[in-house]
Amino acid sequence: MAEAYVDVLSIGIIKSCLETKAALWLLLELAEGAEADSVWPSEEVMAYYCLKKRQMFTGSSVCELGGGMTCLAGLMIAVCADVKEVLLSDGNEKAIQNVRGVIEKNRQAGLFGSTDVSSRVVRWDSEVDVSALEGHFDVVMCADCLFLDQYRSSLVDALRRLLRPDGTALVFAPKRGDTLTEFCRLAERVGLFVCCYDNYDSHIWDLHLKMKTEGKDVYDENIHYPVLLTLTHRPSPGLL
């Protein structure tokens, strides 16, 4: 696997995230918490999942929303999957400035091949930002973006509008009280089909169960364990 450059992340995860030991590192990280300028645990798990399932992205146009300072999952797809294009986005200009630097380092290293990789500020509540990308993507993904009450409905609308008719949104997020349930309710209200998966990867699930017993002093699944949601315009045949 090619090495990718991410300024705020240990390169070790990129080299080994398809190995079992990487799943352990990822899940243990769930109990650590994350600062605003680092990679969030749900983002790490989403990157791990997408790399394991990278064949499902072949030939696709992919967008990551709310990817923060690195857009790690989207970057990994750009490097390791045979995709048509990847757009890395966040609503914060400072974050996108950092992402542009990450993209440039990887481009200079020749890691993107023929994939068109770009970045831009995308604010979910901005009609200008969303309409410019409407109906463009086969896959739209985001990690731990559901907890902000004032933006939850805007995120649902952005996902709905950015997806092509046969596209799929991948959302990784902990339950955080009722926030995940409320997000699902809003998505179904606008006509999206929502599927929820607790056990979407055997390694992650086994380590989650282990942490519930051996790490319960620091591990709270309500805020640490990301559930996987898939959102589609049509009924989904099942987990990708």
# chains A, B, ... in the order shown; residues from 1 in each chain; ligands from 1
call {"tool": "residues_around", "arguments": {"residues": "stretch 182-193 of chain A", "least_positions_apart": "3", "cutoff": "6 Å", "atoms": "only C-alpha atoms", "output": "ChimeraX atom specification"}}
result
/A:156,179,231-233,235
call {"tool": "residues_around", "arguments": {"residues": "stretch 52-67 of chain A", "least_positions_apart": "4", "cutoff": "6 Å", "atoms": "only C-alpha atoms", "output": "MDAnalysis selection string"}}
result
chainID A and resid 71 74 81:90 137:142
call {"tool": "select_by_dssp", "arguments": {"residues": "stretch 155-220 of chain A", "states": "strand (DSSP E)", "output": "list in words"}}
result
Leu163, Arg164, Pro165, Asp166, Gly167, Thr168, Ala169, Leu170, Val171, Phe172, Ala173, Phe193, Val194, Cys195, Cys196 and Tyr197 of chain A
call {"tool": "write_last_selection", "arguments": {"atoms": "N, CA, C and O atoms", "output": "PDB file, in the first residue's frame"}}
result
ATOM      1  N   LEU A 163     -26.135  13.406  -3.414  1.00  0.00           N
ATOM      2  CA  LEU A 163     -26.138  12.044  -3.936  1.00  0.00           C
ATOM      3  C   LEU A 163     -26.822  11.948  -5.296  1.00  0.00           C
ATOM      4  O   LEU A 163     -27.845  12.581  -5.540  1.00  0.00           O
ATOM      5  N   ARG A 164     -26.262  11.116  -6.161  1.00  0.00           N
ATOM      6  CA  ARG A 164     -26.958  10.727  -7.380  1.00  0.00           C
ATOM      7  C   ARG A 164     -28.133   9.830  -7.000  1.00  0.00           C
ATOM      8  O   ARG A 164     -28.192   9.298  -5.897  1.00  0.00           O
ATOM      9  N   PRO A 165     -29.081   9.621  -7.921  1.00  0.00           N
ATOM     10  CA  PRO A 165     -30.256   8.811  -7.586  1.00  0.00           C
ATOM     11  C   PRO A 165     -29.930   7.423  -7.057  1.00  0.00           C
ATOM     12  O   PRO A 165     -30.640   6.891  -6.199  1.00  0.00           O
ATOM     13  N   ASP A 166     -28.825   6.817  -7.543  1.00  0.00           N
ATOM     14  CA  ASP A 166     -28.436   5.494  -7.080  1.00  0.00           C
ATOM     15  C   ASP A 166     -27.240   5.534  -6.131  1.00  0.00           C
ATOM     16  O   ASP A 166     -26.593   4.516  -5.890  1.00  0.00           O
ATOM     17  N   GLY A 167     -26.964   6.696  -5.564  1.00  0.00           N
ATOM     18  CA  GLY A 167     -25.814   6.860  -4.682  1.00  0.00           C
ATOM     19  C   GLY A 167     -26.080   6.417  -3.252  1.00  0.00           C
ATOM     20  O   GLY A 167     -27.217   6.142  -2.861  1.00  0.00           O
ATOM     21  N   THR A 168     -25.001   6.390  -2.466  1.00  0.00           N
ATOM     22  CA  THR A 168     -25.076   5.969  -1.064  1.00  0.00           C
ATOM     23  C   THR A 168     -24.280   6.924  -0.184  1.00  0.00           C
ATOM     24  O   THR A 168     -23.153   7.290  -0.523  1.00  0.00           O
ATOM     25  N   ALA A 169     -24.875   7.316   0.926  1.00  0.00           N
ATOM     26  CA  ALA A 169     -24.154   8.076   1.943  1.00  0.00           C
ATOM     27  C   ALA A 169     -23.720   7.131   3.051  1.00  0.00           C
ATOM     28  O   ALA A 169     -24.494   6.277   3.496  1.00  0.00           O
ATOM     29  N   LEU A 170     -22.468   7.261   3.480  1.00  0.00           N
ATOM     30  CA  LEU A 170     -21.928   6.512   4.616  1.00  0.00           C
ATOM     31  C   LEU A 170     -21.709   7.488   5.756  1.00  0.00           C
ATOM     32  O   LEU A 170     -20.972   8.466   5.604  1.00  0.00           O
ATOM     33  N   VAL A 171     -22.346   7.226   6.879  1.00  0.00           N
ATOM     34  CA  VAL A 171     -22.238   8.106   8.045  1.00  0.00           C
ATOM     35  C   VAL A 171     -21.772   7.273   9.239  1.00  0.00           C
ATOM     36  O   VAL A 171     -22.439   6.310   9.621  1.00  0.00           O
ATOM     37  N   PHE A 172     -20.640   7.637   9.799  1.00  0.00           N
ATOM     38  CA  PHE A 172     -20.130   6.993  11.005  1.00  0.00           C
ATOM     39  C   PHE A 172     -20.263   7.983  12.151  1.00  0.00           C
ATOM     40  O   PHE A 172     -19.735   9.099  12.079  1.00  0.00           O
ATOM     41  N   ALA A 173     -20.960   7.580  13.202  1.00  0.00           N
ATOM     42  CA  ALA A 173     -21.159   8.489  14.333  1.00  0.00           C
ATOM     43  C   ALA A 173     -21.579   7.713  15.569  1.00  0.00           C
ATOM     44  O   ALA A 173     -22.343   6.749  15.470  1.00  0.00           O
ATOM     45  N   PHE A 193     -33.838   6.421   2.601  1.00  0.00           N
ATOM     46  CA  PHE A 193     -33.893   5.112   3.240  1.00  0.00           C
ATOM     47  C   PHE A 193     -32.652   4.957   4.113  1.00  0.00           C
ATOM     48  O   PHE A 193     -31.524   5.120   3.631  1.00  0.00           O
ATOM     49  N   VAL A 194     -32.853   4.659   5.385  1.00  0.00           N
ATOM     50  CA  VAL A 194     -31.767   4.617   6.355  1.00  0.00           C
ATOM     51  C   VAL A 194     -31.605   3.199   6.891  1.00  0.00           C
ATOM     52  O   VAL A 194     -32.579   2.572   7.323  1.00  0.00           O
ATOM     53  N   CYS A 195     -30.383   2.701   6.862  1.00  0.00           N
ATOM     54  CA  CYS A 195     -30.047   1.426   7.494  1.00  0.00           C
ATOM     55  C   CYS A 195     -28.978   1.689   8.546  1.00  0.00           C
ATOM     56  O   CYS A 195     -28.036   2.460   8.316  1.00  0.00           O
ATOM     57  N   CYS A 196     -29.125   1.054   9.701  1.00  0.00           N
ATOM     58  CA  CYS A 196     -28.232   1.271  10.833  1.00  0.00           C
ATOM     59  C   CYS A 196     -27.527  -0.037  11.182  1.00  0.00           C
ATOM     60  O   CYS A 196     -28.179  -1.074  11.333  1.00  0.00           O
ATOM     61  N   TYR A 197     -26.200   0.038  11.345  1.00  0.00           N
ATOM     62  CA  TYR A 197     -25.403  -1.150  11.641  1.00  0.00           C
ATOM     63  C   TYR A 197     -24.502  -0.890  12.854  1.00  0.00           C
ATOM     64  O   TYR A 197     -23.697   0.051  12.842  1.00  0.00           O
TER      65      TYR A 197
END
call {"tool": "residues_around", "arguments": {"residues": "stretch 103-106 of chain A", "least_positions_apart": "4", "cutoff": "12 Å", "atoms": "only C-alpha atoms", "output": "MDAnalysis selection string"}}
result
chainID A and resid 2:7 69:72 74:76 78:80 86:89 96:99 110:113 115:120
call {"tool": "write_last_selection", "arguments": {"atoms": "C-alpha atoms", "output": "mmCIF file, in the first residue's frame"}}
result
data_model
loop_
_atom_site.group_PDB
_atom_site.id
_atom_site.type_symbol
_atom_site.label_atom_id
_atom_site.label_comp_id
_atom_site.auth_asym_id
_atom_site.auth_seq_id
_atom_site.Cartn_x
_atom_site.Cartn_y
_atom_site.Cartn_z
ATOM 1 C CA ALA A 2 1.309 3.433 -0.852
ATOM 2 C CA GLU A 3 2.265 5.743 1.980
ATOM 3 C CA ALA A 4 0.234 8.947 2.231
ATOM 4 C CA TYR A 5 1.130 12.212 3.896
ATOM 5 C CA VAL A 6 -1.092 13.538 6.702
ATOM 6 C CA ASP A 7 0.418 16.321 8.774
ATOM 7 C CA MET A 69 -8.051 19.128 9.066
ATOM 8 C CA THR A 70 -7.175 15.981 7.099
ATOM 9 C CA CYS A 71 -10.306 14.413 5.545
ATOM 10 C CA LEU A 72 -8.518 11.162 6.314
ATOM 11 C CA GLY A 74 -11.506 10.581 1.687
ATOM 12 C CA LEU A 75 -7.748 10.894 1.337
ATOM 13 C CA MET A 76 -7.281 7.164 1.842
ATOM 14 C CA ALA A 78 -8.071 8.811 -3.190
ATOM 15 C CA VAL A 79 -4.753 7.033 -2.591
ATOM 16 C CA CYS A 80 -5.836 3.403 -2.366
ATOM 17 C CA VAL A 86 -12.634 12.609 -4.672
ATOM 18 C CA LEU A 87 -13.742 15.919 -3.196
ATOM 19 C CA LEU A 88 -12.489 16.627 0.327
ATOM 20 C CA SER A 89 -14.545 19.261 2.136
ATOM 21 C CA ILE A 96 -9.438 23.304 3.997
ATOM 22 C CA GLN A 97 -6.173 25.221 3.820
ATOM 23 C CA ASN A 98 -4.534 22.323 5.643
ATOM 24 C CA VAL A 99 -6.284 19.781 3.410
ATOM 25 C CA GLY A 110 2.396 10.651 -7.397
ATOM 26 C CA LEU A 111 -0.023 8.790 -5.129
ATOM 27 C CA PHE A 112 -3.304 9.800 -6.794
ATOM 28 C CA GLY A 113 -2.682 8.250 -10.194
ATOM 29 C CA THR A 115 -7.881 10.227 -9.775
ATOM 30 C CA ASP A 116 -9.069 13.840 -9.733
ATOM 31 C CA VAL A 117 -8.628 14.994 -6.116
ATOM 32 C CA SER A 118 -9.785 18.432 -4.986
ATOM 33 C CA SER A 119 -10.893 20.313 -1.885
ATOM 34 C CA ARG A 120 -13.290 23.126 -1.123
#
call {"tool": "atom_distance", "arguments": {"atom1": "atom CA of A:Gln108", "atom2": "atom CA of A:Ser42"}}
result
28.2 Å
call {"tool": "atom_distance", "arguments": {"atom1": "atom CA of A:Cys50", "atom2": "atom CA of A:Asp201"}}
result
11.0 Å
call {"tool": "residues_around", "arguments": {"residues": "A:Pro174", "least_positions_apart": "4", "cutoff": "8 Å", "atoms": "only C-alpha atoms", "output": "list of chain:residue names"}}
result
A:Ser42, A:Asp144, A:Leu180, A:Glu221, A:Asn222, A:Ile223, A:His224, A:Tyr225, A:Pro226, A:Val227
call {"tool": "closest_residue", "arguments": {"among": "A:Leu228, A:Val218, A:Ala95, A:Arg176", "to": "A:Met46", "atoms": "only C-alpha atoms"}}
result
A:Leu228
call {"tool": "atom_distance", "arguments": {"atom1": "atom CA of A:Thr213", "atom2": "atom CA of A:Asn199"}}
result
17.1 Å
call {"tool": "select_by_dssp", "arguments": {"residues": "stretch 101-218 of chain A", "states": "helix (DSSP H, G or I)", "output": "ChimeraX atom specification"}}
result
/A:101-108,127-131,149-162,179-189,202-214
call {"tool": "write_last_selection", "arguments": {"atoms": "C-alpha atoms", "output": "compact mmCIF listing (two decimals), in the first residue's frame"}}
result
# COMPACT_ATOMS: atom_id res chain seq x y z
CA GLY A 101 -1.44 21.09 1.67
CA VAL A 102 -2.10 17.41 2.34
CA ILE A 103 -3.42 16.97 -1.22
CA GLU A 104 -0.43 18.73 -2.72
CA LYS A 105 2.09 16.53 -0.87
CA ASN A 106 0.33 13.40 -2.04
CA ARG A 107 0.03 14.73 -5.59
CA GLN A 108 3.74 15.54 -5.71
CA GLU A 127 -27.48 27.06 -0.83
CA VAL A 128 -24.60 28.25 -3.00
CA ASP A 129 -22.24 25.54 -1.74
CA VAL A 130 -24.75 22.69 -1.94
CA SER A 131 -26.38 23.60 -5.26
CA ASP A 149 -28.40 20.57 16.66
CA GLN A 150 -28.40 23.69 14.51
CA TYR A 151 -26.81 21.94 11.51
CA ARG A 152 -28.36 18.46 11.66
CA SER A 153 -31.21 19.13 9.24
CA SER A 154 -28.84 20.98 6.91
CA LEU A 155 -26.55 17.95 6.83
CA VAL A 156 -29.49 15.70 5.94
CA ASP A 157 -30.43 18.07 3.12
CA ALA A 158 -26.85 18.25 1.82
CA LEU A 159 -26.51 14.46 1.78
CA ARG A 160 -29.83 14.08 -0.01
CA ARG A 161 -29.00 16.64 -2.66
CA LEU A 162 -25.36 15.72 -3.31
CA THR A 179 -28.58 12.76 18.30
CA LEU A 180 -28.14 9.77 15.99
CA THR A 181 -31.78 8.77 16.37
CA GLU A 182 -32.89 12.32 15.58
CA PHE A 183 -30.67 12.39 12.49
CA CYS A 184 -32.23 9.15 11.23
CA ARG A 185 -35.71 10.54 11.83
CA LEU A 186 -34.92 13.68 9.84
CA ALA A 187 -33.42 11.65 6.99
CA GLU A 188 -36.46 9.39 6.74
CA ARG A 189 -38.75 12.40 6.85
CA SER A 202 -15.70 -8.17 12.97
CA HIS A 203 -12.40 -6.77 14.29
CA ILE A 204 -13.89 -3.48 15.38
CA TRP A 205 -16.88 -5.21 16.94
CA ASP A 206 -14.76 -7.71 18.89
CA LEU A 207 -12.59 -4.93 20.23
CA HIS A 208 -15.65 -2.88 21.11
CA LEU A 209 -16.93 -5.80 23.21
CA LYS A 210 -13.51 -6.17 24.79
CA MET A 211 -13.39 -2.48 25.71
CA LYS A 212 -16.84 -2.70 27.29
CA THR A 213 -15.48 -5.17 29.83
CA GLU A 214 -11.76 -4.42 30.12
call {"tool": "closest_residue", "arguments": {"among": "A:Asp217, A:Leu51, A:Ala143, A:Ser236", "to": "A:Val39", "atoms": "only C-alpha atoms"}}
result
A:Ala143
